[in-house]
Each structure stands twice: as structure tokens, then as C-alpha cells.
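One structure below.
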Amino acid sequence: MESMNMTSTSSNGVWQGDNPLHFAFPLLIVQITLVLLLSRFLSVFLKPLRQPNVISEIVGGILLGPSALGRIEAYRNRIFPSWSTPTLETVASLGLLYFLFLVGLELDLRSIRRSGRRAFAIAMAGISLPFACGVGVAFVLRSAVPGADTASYAPFLVFMGVALSITAFPVLARILAELKLLTTPLGETAMAAAAFNDVAAWILLALAVALSGGDHHKSPLVSVWVLLTGVLFVVVQMVLVRPVMSWVARRADGQGGGNEVWICLTLGAVLVSGFVTDVIGIHAIFGAFVFGLTVPKEGEFAGRLIERIEDFVSGLLLPLYFASSGLKTNVAAISGGRAWGLLALVISTACAGKIIGTFVVAVACRLPVKEAFALGVLMNTKGLVELIVLNIGKERKVLNEETFAIMVLMAIFTTFITTPAVMAVYMPARHYHKQESGKLQRSTSSSSSPSFSTNPKELRILACVHGHRDVPSIINLVEIIRGGTKKSPLKLYILHLVELTERSSSIIMAHRASRNGLPFRNPLRAASRDEVAVAFTAYGSLGRVRVRPMTAVSAMATMHEDVCNVAEDKRVALVVLPFHKHRAAGDEAGMENTGPWWRYVNQRVLKEAPCSVALLVDRGFGGERQVAPAEVAHGVCVVFFGGPDDREALELAGRMAEHPGVRVTAVRFVASPAAESRSRPAVKLRSSPMKSAEKSYTFSTAVDGMDHGREKALDDAAVAEFKRRTEGAVRYEDRPASNVLEAVLGLGRSKEYELIVVGKGRFPSAMVAELAGRTAEHAELGPVGDALASSSNGVVSSVLVVQQHDVMHSEETPVSMVLDGDTLAIDVQSSENELR
């Protein structure tokens, strides 16, 4: 029955009496689904720890294997029966083959040559000492682990040496990119040394495979022939195949990179290369890796190759390889003090050999001590390349079950500690909010004048976009902010925010878009298919605006650092951010959520930005397409209650009013005569740090100490200056309102204005203070901005919420409200009803 199942692919269905789990293909589907669900579930928990996906995939594989779920006999016999192993491993090996091709694509041999002697010396030290330590550990394991001495000495020693000396180049690249070290001097040295290390490790692995292959009673010359033909294969690839692939890449790029023939031929050549090395007697993945090195890295061809296969390979097939590794890993084989002592010995030897060897040579190369130690920790990264080495050793029967389990746990531990260890011992200073940046800190108190008026010669704006969907609205907003005069020319910086993922294309993009760890764009190397850069460059040409596109590829948890660093480096006056929600298709007032992480980025930028910030809630501002500057026609309403944020919004509206295609209306809300006639006690705000900042509005901690009389004088002066500058160009009105919220929402529902500009209100006027008791939906927008941004209020206008930079009073806290003269605090959740 078992042999029949091995050759039977598909079942006839349950209605004809077949159990799909008894047939290869439906069982493979179940296995793939189970692996993907478990690995993704684990990655959610490990993501806050900044761990690469390889950790969750390895742990998931171990849980599926005999260490955990595999102990359940019914599960093991139905989900992972022994007859299904060849099918699972064949599909996993195919994914591994193409993954090693991707690794070869990522590895640029020219960067190795450019790295110089320092990286080479560091790499050699990072290989030789751990290799020697691995050989020493191998002698201990052979004598201490039962059955470990069945393998020949030579392959066992080489496999152990390679396992302890290897550095996982792909995993290291992802860790460096996430820590924003990829293009720093430390990151470039680590990448070059890891590339040297990778090449040397693959040569040693080929030696180990050659020594472990075949019948041990055959002549030792067999291994020599395997090595010689392997060297010949590499020479042929580098001398003959590489020029051919350069010609193929030029032809494909000349045809727009879209000719499927060249891509299909290249993917087929990966299989042929793997087959050749398997025929030689070296593992097939070695051929795929070497062929990946022959593909030129410049141009679009390599990028298109990566785009076609990376998601399918890395997201679907590669986790299967780790699952198959987990099925071979039995942690229960490590039992007793002896076995756990051996595990501790292997881990400590692996870490000490790699870190000490790298550290000593790095210090000798005049690297600072902190950087040298961090480099040693980075070079200790293991991960998936380690698993490949160990699996080959297990397949060749060089490693037995207990040795294999010890080495797998060592690989998990060393990879897991890399990120936290580097963060603990070395992270470049990025405390932009603590640096002396007087040119940025234009407003040193809440009473300072608006920041836009302090530099009349040039206005610098940093506009952030998530993708091409944000382009039309951001261009239209920037166009109306630039005004209509030449007194204050505009310099526009565009920062395309791209999430850093495990994808190979993401790492390559991070490397190309960064310089010294900061976002940067080299026009000579930028991809011509970058729609965002192309659109803004076209706008700059049409509107005669100086535009500088950049790309930030970061983990979402640290994306705000890139925004703030660029804002400080370029000395911008205003950062424009897209809201994390946008108008739903076909729904004029409905909003779609682009993800909670984008909201987190906005919240952190609002808190830490070294300049003023404007958050755009886009409901189709200016239509779905970019228009020429001469075609701009917008109705803009600025709402003014008072306070520094509102004064900044008023200043911004004053610039908009100078644009010939913009009609600006300024509405200042004042207390209605009826409200003034009532002797209603004033509302005061009191800090309440115990309340949730997500569900309650936050205000400056200095709000209780505000001089309300002085603030009112500054508001009056700002309004008077606004009227003087915009006389005849702006419709202005003082509007009494007993119900402020309904009055503001009426402006947004009227369809008279395409954009409403409001201040965040961190130093609220009395009318805004009364709104502080509302339950917040988007607390980062302030009470008025939140009401206008809510999809449940029927507002159809886009909203721009402005926060003035204030270095003195940037700390915010949730509040409770207190009636003047009354000691009873009104709870923030119930105050809305009590204040009516």
C-alpha cells in the first residue's frame, strides 16, 4: 500500500472512497499550508524582537518534527508519514536551489574586490580561528556522542569546521538593513568580510562534500577528481558563461527588460547548473550559487529576475526546507547533563572563535574597539546557510541525530542574539532631538512666530509618500503651498517610504537607496521604473521647482528615524506626511486603512520631528491625477481657534493664498454672544498620565502654565498680520458658534472646500479644550482634526492637520478637565455629557 501511495499523485475524491492524505499531492498541499501558517504565526511574535524570518521558520520546523508535534503518533503517520518525505524534500530542495541563485545575485564580486585588504584580513581571521575551534570541538564530539565516530575523520572535521566558521551572508544583510547599518562603514566592512567568508565557506563545503561522497573503500583519487572538476566548473562559469549572461542582460534591458524568453532561459540555466554540479558529486545548490554570481548586478535584468521568483521561493518553498530540517531535528536526543554540556561547549566555542578572531584583527586594522566587537558579533550570524551545511552533513551521514540537533540549536542561538547584541554594544548616535540644531528649532517656545516666516529666501519641504497612490495629492498640496511669488522659492525633498522585508529586492533597494545609513538617491543608479521619482521629477520640470527624490527602506519600527534624520540633515521647515487612511474607492466619505504600522510612523514623527509637521488626510485632494501648475484650482478653508498650532496653520494658509489658483477662506471661531452672557465657568485641563494616549487626546504638559492673556494677544496679532498680507485675496470671517464641533463638521460636509487646514491644538483654546473629553479615534490629530478625519461624520473635504515645532514643550500627556473654581475633576470619558 505504501509503495502505491508513493507513485499515486492525486486521489479520486472522498465520494469514491479515497482519503486525500494517502496521496502525494493533496498531502503536500496540507503540509505546505501547515508550515506556512505556523511559521507566519511565530514571526508575528518574533518581529518586535527584530528577528529575521529564518528564526521563526527553523523553530516552526522543529515544532512540527519529532521534538514536539511529531511525538503524537496519529499526527506523524497522517501529516508527515515516512513515504511523503521524498516528495517534501524534493520540492524544498527546488526552492533551496533557486534561493541560492538569489544569494548569488545579491553577492557582488566587484564589491569584494573594492573592499581591500582590511575586509580580507578580517574575513580570514573570522574563518581560520572558528574553523580551528570547530576541528577541536569535532574531536570532543566524536569521543562524547555515541555513534558520532561512525563517519570518517576527514569529512567530519571539515563539516564541523565549516559549521562553526560560516557567516550567513543573506541573514547578515537583512540584520544590517534593519539596524540601518547596511551602508555605514561598519556595514560595508561586515558585508565585504561576509562575502569573502561565504566564498571560502562554499569552497570548504565543496571539499567536505567531495570527501564524504561515495564508497569509502574506493580510491581517494575519487575525491580529487570531484574537486578538480568542481574547480573546472567554476572556471567555465566565470570565463565563458559570465560574458554570455552580460550579453543576455544587455539584450533584455535593451528590450525594456520585458522579454520573457531571456528570463525563462536564465531560470532554466539555474537548473542545468545545479544538475551539472550534482553529476560532478558536489551538491546541486553549489551550481545554482555560482551561476547567480555570473549574472550582472547593474541594469534592470537582475532586478526583474528577483521580482519574478523571490516571493514564490522565499515565501513558499524555502519554509518547506526548514520544515524538512525540523523533521530531522529531535531536540529530545539532547538529554542528560553530558549532552547539554556539549551544547553549551559548541555555542560558547562558536561565539568565542568568531568574535575573538574578528575582534583581534579588526582592532589591528585600527577599527575602534566598539566597532570591532560589533563586527565580531555580526560575523557570528548563522541562520539558513548553517542549516544548509548541517542538512548536507546529515544527508551524507557525517552527522548523526544528536550532533545534528546540537548544531541546529547552536545556529538558532547565535542568530537570535545577533541583533540585540549589536544594539547593546554599538548603535550610531541618532538623537536628532538632542543635537544642537538652531536653524531647525525656529520656535523655542509656544509663543514664537511661525516657522515659515523665519526664512524668506527659501522654503524647504520634506514630503513623504507610501506609494504612487499618494503622488497626485502630495503634488497638489505642495503646489498650493509654494504660493505665487518668487520671494521664497521652494526646494522639495521627496522621501519614498518603503518597508524593509525579507525579500532580496528589498535588501538590494536598501543598499542602493542609502548612503552612510541615511536615505539617499544616486540618479545614475536609480531605477528608471520608480514611478514616484519619475512623477515628482516631472512636476519639478513643469513647475520649475527643485525636487530631490530619495528612498528610505526601513523596518516600520524605525521608519520615523529616517524621516527625522532627513528633515534635520536638509534643514526643512515642514514635513508633510500622508495619513494612514485614504478615501475608499467609490465612496466619497469612506476611508480605507493602509495599516496600523503607518499610523505608528506618523505618531513617532509628530513626537520627534525637528520641524513643523503637516498630516494630510486625503479624500481625493485635487483629483486622481497630477495637473500642471497653471490648472490648479482649489477651495481651501483654514479654521482658527488660537494657539501655536493654529497660528502655524494660518501662516501656511497665507502662503496658499498667494497662489493664483487657490481661493482661501479663513474662519475664526469665537464664543457666541449667548455663551458669553452665561456665567459659565472656564474649562481647565489637568494632566492625567494614567489615561490611554490611544483613546484620549494629548496636550502639551506645559498647558497649565500658559499665559492665556499673552496667547490671546499673539493670536490677535497673527490674525491682524494675516489680514494685512492677504487683503483682498482671502475671505475672512469671525464666526460665533455655540456648538463648535457641528460648525466645523458643517464646513467639511459642505463640498465648498477641497481642503480644510486646522491646527493640532496642543495648546488648546477654551473652545477646543471643551472637546478634550471626546473619545478619540485618531488621537494624534487633535480634537478638531480627528472629528474631520473620521469616516462616520460625513466629511468629504481633505484635511491638513498642522503641528508647529516646539522644542520646549514637545512632551504631551492625556488630560482630565477641571471647572474653574471647582475642585471636582471631570473624567475624560464622561466629560462630553457633563459639559453639555
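Ordered as shown in the C-alpha cells, chains take letters A, B, and onward, while each chain numbers its residues from 1 and ligands are numbered from 1 in the order shown.
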Taking 3 positions as the minimum chain separation for residues in the same chain, which residues sit within 6 Å of segment 612-619 of chain A when counting only C-alpha atoms? Answer as a compact mmCIF listing (two decimals) with C-alpha atoms, in the first residue's frame.
# COMPACT_ATOMS: atom_id res chain seq x y z
CA LEU A 574 7.88 71.41 7.15
CA VAL A 575 7.40 67.64 6.91
CA VAL A 576 4.28 66.51 5.04
CA LEU A 577 3.00 63.03 5.91
CA PRO A 578 0.17 61.02 4.33
CA PHE A 579 -2.44 59.81 6.81
CA HIS A 582 -7.28 57.18 2.44
CA ARG A 583 -10.58 57.50 0.60
CA SER A 798 -9.46 66.53 2.61
CA VAL A 799 -7.91 67.68 5.88
CA LEU A 800 -4.45 69.06 6.66
CA VAL A 801 -3.55 68.95 10.37
CA VAL A 802 -0.59 71.21 11.25
CA GLN A 803 1.69 70.93 14.28
CA GLN A 804 4.19 73.70 14.93
CA HIS A 805 7.67 72.65 16.02
Non-local contacts of segment 413-419 of chain A (9 Å; only C-alpha atoms; under 2 positions in same chain excluded) as a PyMOL selection string: chain A and resi 49-52+55+171+175-176+179+347+350-351+377-383+408-411+421-424
Using C-alpha atoms, can you export the residues from the last selection as a tab-separated table (two decimals), in the first residue's frame?
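Contents of result33.tsv, as written:
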chain	number	residue	atom	x	y	z
A	49	LEU	CA	12.42	41.39	18.83
A	50	ARG	CA	13.75	42.28	15.35
A	51	GLN	CA	14.41	38.66	14.49
A	52	PRO	CA	14.70	37.56	10.83
A	55	ILE	CA	14.32	32.03	13.12
A	171	VAL	CA	20.72	36.91	7.04
A	175	ILE	CA	20.04	42.42	10.03
A	176	LEU	CA	22.30	45.26	8.85
A	179	LEU	CA	19.61	48.30	12.04
A	347	ILE	CA	27.76	27.50	21.41
A	350	ALA	CA	31.37	29.06	18.08
A	351	CYS	CA	30.76	32.53	19.56
A	377	VAL	CA	29.03	39.76	16.75
A	378	LEU	CA	27.71	40.45	13.24
A	379	MET	CA	30.08	37.95	11.65
A	380	ASN	CA	28.75	35.33	14.10
A	381	THR	CA	25.38	35.33	12.30
A	382	LYS	CA	24.45	31.81	11.20
A	383	GLY	CA	20.87	31.15	10.09
A	408	VAL	CA	20.83	23.27	14.84
A	409	LEU	CA	20.25	24.74	18.31
A	410	MET	CA	23.64	26.44	18.09
A	411	ALA	CA	22.63	28.05	14.78
A	421	ALA	CA	23.87	42.14	21.00
A	422	VAL	CA	24.73	44.67	18.26
A	423	MET	CA	22.11	47.08	19.58
A	424	ALA	CA	23.56	46.72	23.08
Residues of segment 93-305 of chain A classed as alpha helix (DSSP H) by DSSP on the backbone are to be reported as a ChimeraX atom specification. /A:93-106,109-114,116-144,153-165,169-178,185-212,221-236,242-254,260-280,284-294,301-305
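Distance annotation: of A:Glu458, A:Leu492, A:Ser791, A:Phe41, the residue with the minimal separation from Glu592 of chain A is A:Ser791; atom set is only C-alpha atoms.
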Residues near segment 594-610 of chain A, anyone? I mean within 9 Å using only C-alpha atoms, not counting same-chain ones fewer than 2 positions away, as a ChimeraX atom specification. /A:432-433,437,440-441,466,556-561,563-565,567-568,571-573,575,577-582,592,612-615,780,803,805-807,810-812
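Distance check against Arg544 of chain A using only C-alpha atoms: of A:Leu490, A:Ala123, A:Leu497, A:Ile282, the minimum falls on A:Leu490.
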